[in-house]
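> One structure, pasted below without further comment.
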Amino acid sequence: MRSNEILIKPILSEKANALQEKSRTYAFRVAKGANKIEIKKAVEAFYSVSVEDVRTIVVPGKNKSKFTKKGFVKGMKSSYKKAYVTVPVGETIDLYTTI
């Protein structure tokens, strides 16, 4: 996989912003087939930083339902993989200029 296929998008939420300020950890939505080594290389190549640690988690899909004119519709939101990347002291990733 190429680095632009591995990193789908950064996660910009209140929890992710708190992790950035507290422990230099950044959250990314990544491809399901990517492993930690590929994620580390992709972040280092795309953002020009060195990576200390990579933690991954697969977020399970959720059941969704809605009421429409046709009646009750049941569906499923797909699952995705999330990666938490920690960078060393003194290095940062500017997520807002690369969006």
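Note on naming: chains are A, B, ... as they come in the structure tokens, residues start from 1 per chain, ligands start from 1 in the order shown.
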Determine, using only C-alpha atoms, which residues of segment 31-56 of chain A have any atom at most 10 Å from an atom of segment 69-87 of chain A, and tabulate each with its shortest atom pair and distance in Å to one decimal place, rows ordered by chain and then rising number, as a tab-separated table.

residue	atom	partner	partner_atom	distance
A:Ala31	CA	A:Lys81	CA	6.4
A:Lys32	CA	A:Lys81	CA	5.4
A:Gly33	CA	A:Lys81	CA	8.7
A:Ala34	CA	A:Lys81	CA	8.8
A:Asn35	CA	A:Ala83	CA	9.6
A:Lys36	CA	A:Ala83	CA	8.3
A:Ile39	CA	A:Ala83	CA	7.9
A:Lys40	CA	A:Val85	CA	7.8
A:Val43	CA	A:Val85	CA	8.3
A:Glu44	CA	A:Val87	CA	9.7
A:Val49	CA	A:Val87	CA	7.3
A:Ser50	CA	A:Val87	CA	6.3
A:Val51	CA	A:Val87	CA	4.7
A:Glu52	CA	A:Val87	CA	5.3
A:Asp53	CA	A:Thr86	CA	5.1
A:Val54	CA	A:Val85	CA	4.7
A:Arg55	CA	A:Tyr84	CA	5.0
A:Thr56	CA	A:Ala83	CA	4.3
> For the structure I just gave you, how does DSSP split segment 6-67 of chain A - specifically, which residues are strand (DSSP E or B)? Reply as a PyMOL selection string.
chain A and resi 7-10+25-30+53-59+63-67
> Taking the DSSP secondary structure from the backbone, can you list the residues of chain A that are alpha helix (DSSP H), as a ChimeraX atom specification?
/A:3-6,14-23,36-47
> Keeping N, CA, C and O atoms for every residue in the selection just given, could you write it to a file as a CSV table (one decimal), in the first residue's frame?

chain,number,residue,atom,x,y,z
A,3,SER,N,1.4,5.4,0.9
A,3,SER,CA,1.1,6.1,2.2
A,3,SER,C,-0.2,6.9,2.1
A,3,SER,O,-0.9,7.1,3.1
A,4,ASN,N,-0.6,7.3,0.8
A,4,ASN,CA,-1.8,8.0,0.7
A,4,ASN,C,-3.0,7.1,0.8
A,4,ASN,O,-4.1,7.5,1.0
A,5,GLU,N,-2.8,5.8,0.6
A,5,GLU,CA,-3.8,4.8,0.8
A,5,GLU,C,-4.0,4.3,2.2
A,5,GLU,O,-5.0,3.9,2.6
A,6,ILE,N,-2.9,4.4,3.0
A,6,ILE,CA,-2.9,4.0,4.3
A,6,ILE,C,-3.6,5.0,5.2
A,6,ILE,O,-4.5,4.6,6.0
A,14,GLU,N,-12.7,16.5,20.1
A,14,GLU,CA,-12.2,17.0,21.4
A,14,GLU,C,-11.3,16.1,22.1
A,14,GLU,O,-10.3,16.5,22.7
A,15,LYS,N,-11.6,14.8,22.0
A,15,LYS,CA,-10.7,13.8,22.7
A,15,LYS,C,-9.4,13.7,22.0
A,15,LYS,O,-8.3,13.7,22.7
A,16,ALA,N,-9.4,13.8,20.7
A,16,ALA,CA,-8.1,13.8,19.9
A,16,ALA,C,-7.3,15.0,20.2
A,16,ALA,O,-6.0,14.9,20.3
A,17,ASN,N,-7.9,16.2,20.3
A,17,ASN,CA,-7.2,17.4,20.6
A,17,ASN,C,-6.6,17.4,22.0
A,17,ASN,O,-5.5,17.9,22.2
A,18,ALA,N,-7.3,16.8,22.9
A,18,ALA,CA,-6.8,16.7,24.3
A,18,ALA,C,-5.6,15.8,24.3
A,18,ALA,O,-4.6,16.0,25.1
A,19,LEU,N,-5.6,14.7,23.6
A,19,LEU,CA,-4.5,13.8,23.5
A,19,LEU,C,-3.3,14.5,22.9
A,19,LEU,O,-2.1,14.2,23.3
A,20,GLN,N,-3.5,15.3,21.9
A,20,GLN,CA,-2.4,16.0,21.3
A,20,GLN,C,-1.7,17.0,22.3
A,20,GLN,O,-0.5,17.0,22.3
A,21,GLU,N,-2.5,17.7,23.0
A,21,GLU,CA,-1.9,18.6,24.0
A,21,GLU,C,-1.2,17.9,25.2
A,21,GLU,O,-0.2,18.3,25.7
A,22,LYS,N,-1.9,16.8,25.6
A,22,LYS,CA,-1.4,16.1,26.8
A,22,LYS,C,-0.2,15.2,26.6
A,22,LYS,O,0.8,15.3,27.3
A,23,SER,N,-0.3,14.4,25.5
A,23,SER,CA,0.8,13.4,25.4
A,23,SER,C,1.4,13.3,24.0
A,23,SER,O,1.9,12.2,23.6
A,36,LYS,N,0.9,-1.8,11.9
A,36,LYS,CA,1.6,-0.7,12.6
A,36,LYS,C,2.8,-0.2,11.9
A,36,LYS,O,3.1,1.0,11.9
A,37,ILE,N,3.6,-1.1,11.3
A,37,ILE,CA,4.8,-0.7,10.6
A,37,ILE,C,4.5,0.2,9.4
A,37,ILE,O,5.1,1.2,9.1
A,38,GLU,N,3.5,-0.2,8.6
A,38,GLU,CA,3.1,0.6,7.4
A,38,GLU,C,2.5,1.9,7.9
A,38,GLU,O,2.8,3.0,7.2
A,39,ILE,N,1.8,2.0,9.0
A,39,ILE,CA,1.2,3.2,9.5
A,39,ILE,C,2.4,4.2,9.9
A,39,ILE,O,2.4,5.4,9.6
A,40,LYS,N,3.4,3.6,10.6
A,40,LYS,CA,4.5,4.4,11.1
A,40,LYS,C,5.3,5.0,9.9
A,40,LYS,O,5.6,6.2,9.9
A,41,LYS,N,5.5,4.2,8.9
A,41,LYS,CA,6.2,4.7,7.7
A,41,LYS,C,5.4,5.8,6.9
A,41,LYS,O,6.0,6.7,6.4
A,42,ALA,N,4.1,5.6,6.9
A,42,ALA,CA,3.3,6.5,6.2
A,42,ALA,C,3.2,7.9,6.9
A,42,ALA,O,3.3,8.9,6.2
A,43,VAL,N,3.1,7.9,8.2
A,43,VAL,CA,3.1,9.1,9.0
A,43,VAL,C,4.5,9.8,8.9
A,43,VAL,O,4.5,11.0,8.7
A,44,GLU,N,5.5,9.1,9.0
A,44,GLU,CA,6.9,9.7,8.9
A,44,GLU,C,7.1,10.3,7.5
A,44,GLU,O,7.7,11.3,7.4
A,45,ALA,N,6.6,9.6,6.4
A,45,ALA,CA,6.8,10.1,5.1
A,45,ALA,C,5.9,11.4,4.8
A,45,ALA,O,6.4,12.3,4.2
A,46,PHE,N,4.7,11.3,5.2
A,46,PHE,CA,3.7,12.4,4.9
A,46,PHE,C,3.9,13.6,5.7
A,46,PHE,O,3.8,14.7,5.2
A,47,TYR,N,4.2,13.5,7.0
A,47,TYR,CA,4.3,14.6,7.9
A,47,TYR,C,5.8,15.0,8.3
A,47,TYR,O,6.0,15.9,9.0
> Just to confirm, what's the straight-line distance from atom CA of Leu7 of chain A to atom CA of Arg29 of chain A in Å (one decimal)?
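Spanning atom CA of Leu7 of chain A to atom CA of Arg29 of chain A is a straight-line distance of 6.5 Å.
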> Select, from A:Tyr96, A:Phe67, A:Gly90, A:Val59, the residue with the minimum atom-to-atom distance to Val30 of chain A, counting only C-alpha atoms.
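Smallest separation from Val30 of chain A among the options: A:Val59.
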> At what distance in Å, to one decimal, does atom CA of Ile57 of chain A lie from atom CA of Asp94 of chain A?
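Spanning atom CA of Asp94 of chain A to atom CA of Ile57 of chain A is a straight-line distance of 22.8 Å.
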> Using Å and a single decimal, report how far atom CA of Ile8 of chain A sits from atom CA of Glu91 of chain A.
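Taking atom CA of Glu91 of chain A and atom CA of Ile8 of chain A, their separation equals 21.7 Å.
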